[in-house]
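Source file: structure08.txt (compact mmCIF, C-alpha atoms)
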```txt
# COMPACT_ATOMS: atom_id res chain seq x y z
CA LEU Y 197 -13.82 11.62 4.14
CA LEU Y 198 -15.85 11.58 7.34
CA GLN Y 199 -13.22 9.26 8.82
CA VAL Y 200 -10.39 11.82 8.40
CA LYS Y 201 -9.52 13.04 11.89
CA ASP Y 202 -8.00 16.40 10.87
CA LYS Y 203 -8.27 17.44 7.22
CA THR Y 204 -5.85 20.34 7.77
CA LYS Y 205 -3.01 17.78 7.98
CA TYR Y 206 -3.41 17.03 4.27
CA SER Y 207 -2.74 20.48 2.85
CA GLY Y 208 -1.16 19.38 -0.40
CA PHE Y 209 -4.45 17.78 -1.38
CA SER Y 210 -6.58 20.92 -1.22
CA ASP Y 211 -8.85 22.21 -3.99
CA ILE Y 212 -7.98 20.64 -7.35
CA ASN Y 213 -5.89 17.87 -5.78
CA GLU Y 214 -8.57 16.75 -3.34
CA LYS Y 215 -9.61 14.05 -5.80
CA PHE Y 216 -6.14 12.49 -5.38
CA PHE Y 217 -6.57 12.45 -1.61
CA ILE Y 218 -9.97 10.80 -2.01
CA ARG Y 219 -8.45 8.23 -4.40
CA GLY Y 220 -5.67 7.54 -1.92
CA CYS Y 221 -8.14 7.13 0.93
CA GLN Y 222 -10.19 4.72 -1.17
CA GLN Y 223 -7.10 2.66 -1.94
CA PHE Y 224 -6.13 2.55 1.74
CA TYR Y 225 -9.69 1.63 2.72
CA ASN Y 226 -9.59 -1.19 0.15
CA HIS Y 227 -6.32 -2.43 1.69
CA GLU Y 228 -8.08 -2.54 5.05
CA LYS Y 229 -11.06 -4.49 3.68
CA CYS Y 230 -8.64 -6.98 2.06
CA GLY Y 231 -6.90 -7.22 5.43
CA ASP Y 232 -10.21 -8.14 7.07
CA LEU Y 233 -10.70 -10.93 4.51
CA ILE Y 234 -7.15 -12.21 5.01
CA LYS Y 235 -7.57 -12.21 8.81
CA ALA Y 236 -10.77 -14.23 8.45
CA ILE Y 237 -9.08 -16.78 6.15
CA GLU Y 238 -6.08 -17.11 8.47
CA ALA Y 239 -8.35 -17.58 11.50
CA ARG Y 240 -10.47 -20.18 9.71
CA LYS Y 241 -7.43 -22.09 8.42
CA LYS Y 242 -5.45 -21.57 11.69
CA PHE Y 243 -2.28 -20.35 9.99
CA GLN Y 244 -0.66 -17.12 8.81
CA PHE Y 245 0.66 -16.43 5.35
CA ASP Y 246 4.42 -15.80 5.21
CA TYR Y 247 3.91 -13.20 2.48
CA LEU Y 248 1.05 -11.26 1.00
CA ILE Y 249 1.09 -10.01 -2.55
CA TYR Y 250 -0.72 -6.81 -3.39
CA ILE Y 251 -1.38 -6.55 -7.10
CA ARG Y 252 -3.64 -4.47 -9.26
CA PRO Y 253 -6.11 -6.73 -11.04
CA ASP Y 254 -5.51 -5.05 -14.40
CA LEU Y 255 -1.80 -5.89 -14.68
CA PHE Y 256 -0.63 -8.07 -17.55
CA PHE Y 257 2.67 -9.91 -16.99
CA SER Y 258 4.92 -10.74 -19.92
CA GLU Y 259 7.77 -12.17 -17.79
CA PRO Y 260 7.77 -14.28 -14.62
CA CYS Y 261 8.09 -12.63 -11.21
CA GLY Y 262 10.47 -15.19 -9.75
CA ASN Y 263 10.04 -17.35 -6.67
CA ILE Y 264 8.51 -15.76 -3.58
CA SER Y 265 11.50 -16.97 -1.54
CA ASP Y 266 13.70 -14.63 -3.63
CA TYR Y 267 12.10 -11.62 -1.89
CA SER Y 268 13.04 -10.25 1.52
CA GLN Y 269 11.21 -11.30 4.67
CA ASN Y 270 12.51 -8.12 6.32
CA LYS Y 271 11.34 -5.47 3.86
CA LEU Y 272 8.30 -4.57 1.82
CA THR Y 273 9.18 -5.01 -1.84
CA LEU Y 274 7.67 -2.39 -4.15
CA GLY Y 275 7.65 -3.09 -7.86
CA LYS Y 276 10.09 -1.04 -9.90
CA GLY Y 277 8.38 1.09 -12.49
CA PRO Y 278 8.52 4.32 -14.49
CA ASP Y 279 6.23 6.36 -12.25
CA PHE Y 280 6.72 8.17 -8.94
CA GLU Y 281 10.41 8.09 -7.96
CA GLY Y 282 11.07 4.93 -9.97
CA HIS Y 283 8.32 2.73 -8.58
CA ASN Y 284 4.60 2.34 -8.76
CA ILE Y 285 3.25 2.04 -5.24
CA ASP Y 286 -0.21 1.16 -6.45
CA HIS Y 287 0.81 -1.60 -8.89
CA ILE Y 288 2.42 -4.47 -7.01
CA ALA Y 289 4.01 -5.11 -3.62
CA ILE Y 290 5.25 -8.15 -1.75
CA ILE Y 291 4.52 -7.87 1.95
CA PRO Y 292 6.23 -10.11 4.51
CA LYS Y 293 3.94 -11.05 7.39
CA LYS Y 294 5.80 -8.77 9.82
CA TYR Y 295 4.49 -5.76 7.80
CA LYS Y 296 0.99 -7.11 7.23
CA TYR Y 297 -0.65 -4.79 9.76
CA ASP Y 298 1.23 -1.68 8.62
CA PHE Y 299 0.43 -2.32 4.97
CA LEU Y 300 -3.20 -3.37 5.32
CA PHE Y 301 -4.43 -1.40 8.33
CA GLY Y 302 -1.86 1.22 9.24
CA LYS Y 303 -2.70 3.78 6.56
CA MET Y 304 -6.41 4.06 7.39
CA ASN Y 305 -5.61 3.99 11.10
CA LEU Y 306 -3.28 6.94 10.53
CA ILE Y 307 -5.93 8.85 8.58
CA ARG Y 308 -8.48 8.18 11.32
CA THR Y 309 -6.19 9.31 14.17
CA ASN Y 310 -3.61 11.76 12.75
CA THR Y 311 -3.46 15.14 14.46
CA LYS Y 312 0.24 15.99 14.15
CA HIS Y 313 1.78 14.84 10.84
CA HIS Y 314 1.39 16.86 7.63
CA PHE Y 315 1.10 15.02 4.33
CA TYR Y 316 1.23 16.47 0.83
CA LYS Y 317 0.76 13.33 -1.24
CA SER Y 318 -0.60 9.80 -0.82
CA GLU Y 319 2.87 8.27 -1.09
CA GLN Y 320 3.86 9.91 2.21
CA ILE Y 321 0.88 8.28 3.92
CA TYR Y 322 1.76 4.96 2.25
CA TRP Y 323 5.30 5.00 3.67
CA HIS Y 324 4.61 6.62 7.03
CA ASN Y 325 4.58 3.41 9.11
CA THR Y 326 7.50 1.76 7.30
CA PRO Y 327 9.75 4.56 6.01
CA ASP Y 328 12.99 2.53 6.11
CA SER Y 329 11.53 -0.90 5.61
CA TYR Y 330 11.02 -1.18 1.89
CA GLU Y 331 13.05 -1.93 -1.19
CA ILE Y 332 12.38 -1.26 -4.85
CA ARG Y 333 12.90 -4.21 -7.20
CA PRO Y 334 11.52 -5.40 -10.49
CA ILE Y 335 8.69 -7.86 -9.87
CA GLY Y 336 8.23 -9.43 -13.27
CA LYS Y 337 7.68 -7.37 -16.38
CA HIS Y 338 4.17 -5.94 -16.40
CA GLU Y 339 1.93 -3.25 -17.78
CA ILE Y 340 -1.59 -2.02 -17.15
CA LYS Y 341 -4.17 -3.54 -19.51
CA ARG Y 342 -7.37 -1.56 -19.86
```
Before we go any further, please render this structure as C-alpha cells.
Amino acid sequence: LLQVKDKTKYSGFSDINEKFFIRGCQQFYNHEKCGDLIKAIEARKKFQFDYLIYIRPDLFFSEPCGNISDYSQNKLTLGKGPDFEGHNIDHIAIIPKKYKYDFLFGKMNLIRTNTKHHFYKSEQIYWHNTPDSYEIRPIGKHEIKR
C-alpha cells in the first residue's frame, strides 16, 4: 500500500472493502513480477512471444482451449465465466504482445502514479489502459479446483 500514490482515488475500497483493494494490488504486483521474468526470458532468448497466457494455477480444464492462432492479435481475450459481468478477469486471459506492457506493468504503474482517476473496484483498474481493446470468449471449459 505504500506504493499507492493517492489513496483517495480508490474510494470504493474504503473500510470493509479495503481488503479487496489490497487483493487487487497484490494481483497487479504479481503481474508485474511475471512481466519481469518474461522480459528476462525474452532478452536471454533474443525473441518476443507473440502471445502471453495468464492463467490461475488452480484451474482444472475439462475441455480444450483451442489453438492460440484462433485468438485475436488485436485484443486481449478474457475468459467467459459466470462472475463479474460475464467474465472472470482473474481466471484466464490471452494477451497479444502489443498489450504485454499494459497487462503486465500498466496496472501497478497506474497505482503508483494516479492522481486524477477515481476507481471503485479492481476491474476498473484492470481495464483502464485497454478499455476498448478486449473481448470476452470462452477459453476452454474450466473450474477452480481447491
Inset, instruction - Scan for residues within 12 Å of the point (-4.7, -5.4, -11.0) in the coordinates of the file, using all atoms listed in the file, and reply as a VMD selection string. - result: chain Y and resid 249 to 257 286 to 289 338 to 342
Legend entry - atom CA of Ile291 of chain Y to atom CA of Arg240 of chain Y, distance in Å rounded to a single decimal: 20.9 Å
Legend entry - Shell of 10 Å around Lys229 of chain Y, all atoms listed in the file, local chain residues under 6 positions omitted, as a ChimeraX atom specification: /Y:223,235,300-301
Inset, instruction - Have a look at atom CA of Lys241 of chain Y and atom CA of Tyr322 of chain Y and let me know their distance in Å, one decimal. - result: 29.2 Å
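Closest approach to Ile264 of chain Y among Y:Asp298, Y:Phe216, Y:Ala239, Y:Pro292: Y:Pro292, based on all atoms listed in the file.
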Legend entry - Top pick for closest residue to Lys201 of chain Y, considering Y:Lys271, Y:Lys276, Y:Lys312, Y:Lys293 and counting all atoms listed in the file: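 Between Y:Lys271, Y:Lys276, Y:Lys312, Y:Lys293, the residue approaching Lys201 of chain Y most closely is Y:Lys312.
Considering the residues Y:Thr326, Y:Cys221, Y:Phe299, Y:Asp232 and counting all atoms listed in the file, Leu198 of chain Y has its shortest atom-to-atom contact with Y:Cys221.
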Inset, instruction - Could you check which of Y:Cys261, Y:Leu248, Y:Ile307, Y:Ile332 is closest to Tyr225 of chain Y, using all atoms listed in the file? - result: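 Looking at the shortest contact to Tyr225 of chain Y, the residue is Y:Ile307.
Atom CA of Arg308 of chain Y to atom CA of Gln199 of chain Y spans 5.5 Å [interatomic distance, one decimal].
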Inset, instruction - Between Y:Gly275, Y:Gly231, Y:Gly302, Y:Gly220, single out the one closest to Tyr330 of chain Y, counting only C-alpha atoms. - result: Y:Gly275
Inset, instruction - Between Y:Gln244, Y:Ser258, Y:Asn305, Y:Asn226, single out the one closest to Ile335 of chain Y, counting all atoms listed in the file. - result: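 Smallest distance to Ile335 of chain Y is found for Y:Ser258.
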Legend entry - Close residues, Lys203 of chain Y itself excluded, 12 Å, all atoms listed in the file, min 2 positions apart in chain, as a ChimeraX atom specification: /Y:197-201,205-210,214,217-218,307-316
Taking every listed atom of segment 261-266 of chain Y and adding 6 Å to each side, what centre and edge lengths in Å (one decimal) does the axis-aligned box have, as AutoDock Vina command-line options?
```
--center_x 10.9 --center_y -15.0 --center_z -6.4 --size_x 17.6 --size_y 16.7 --size_z 21.7
```
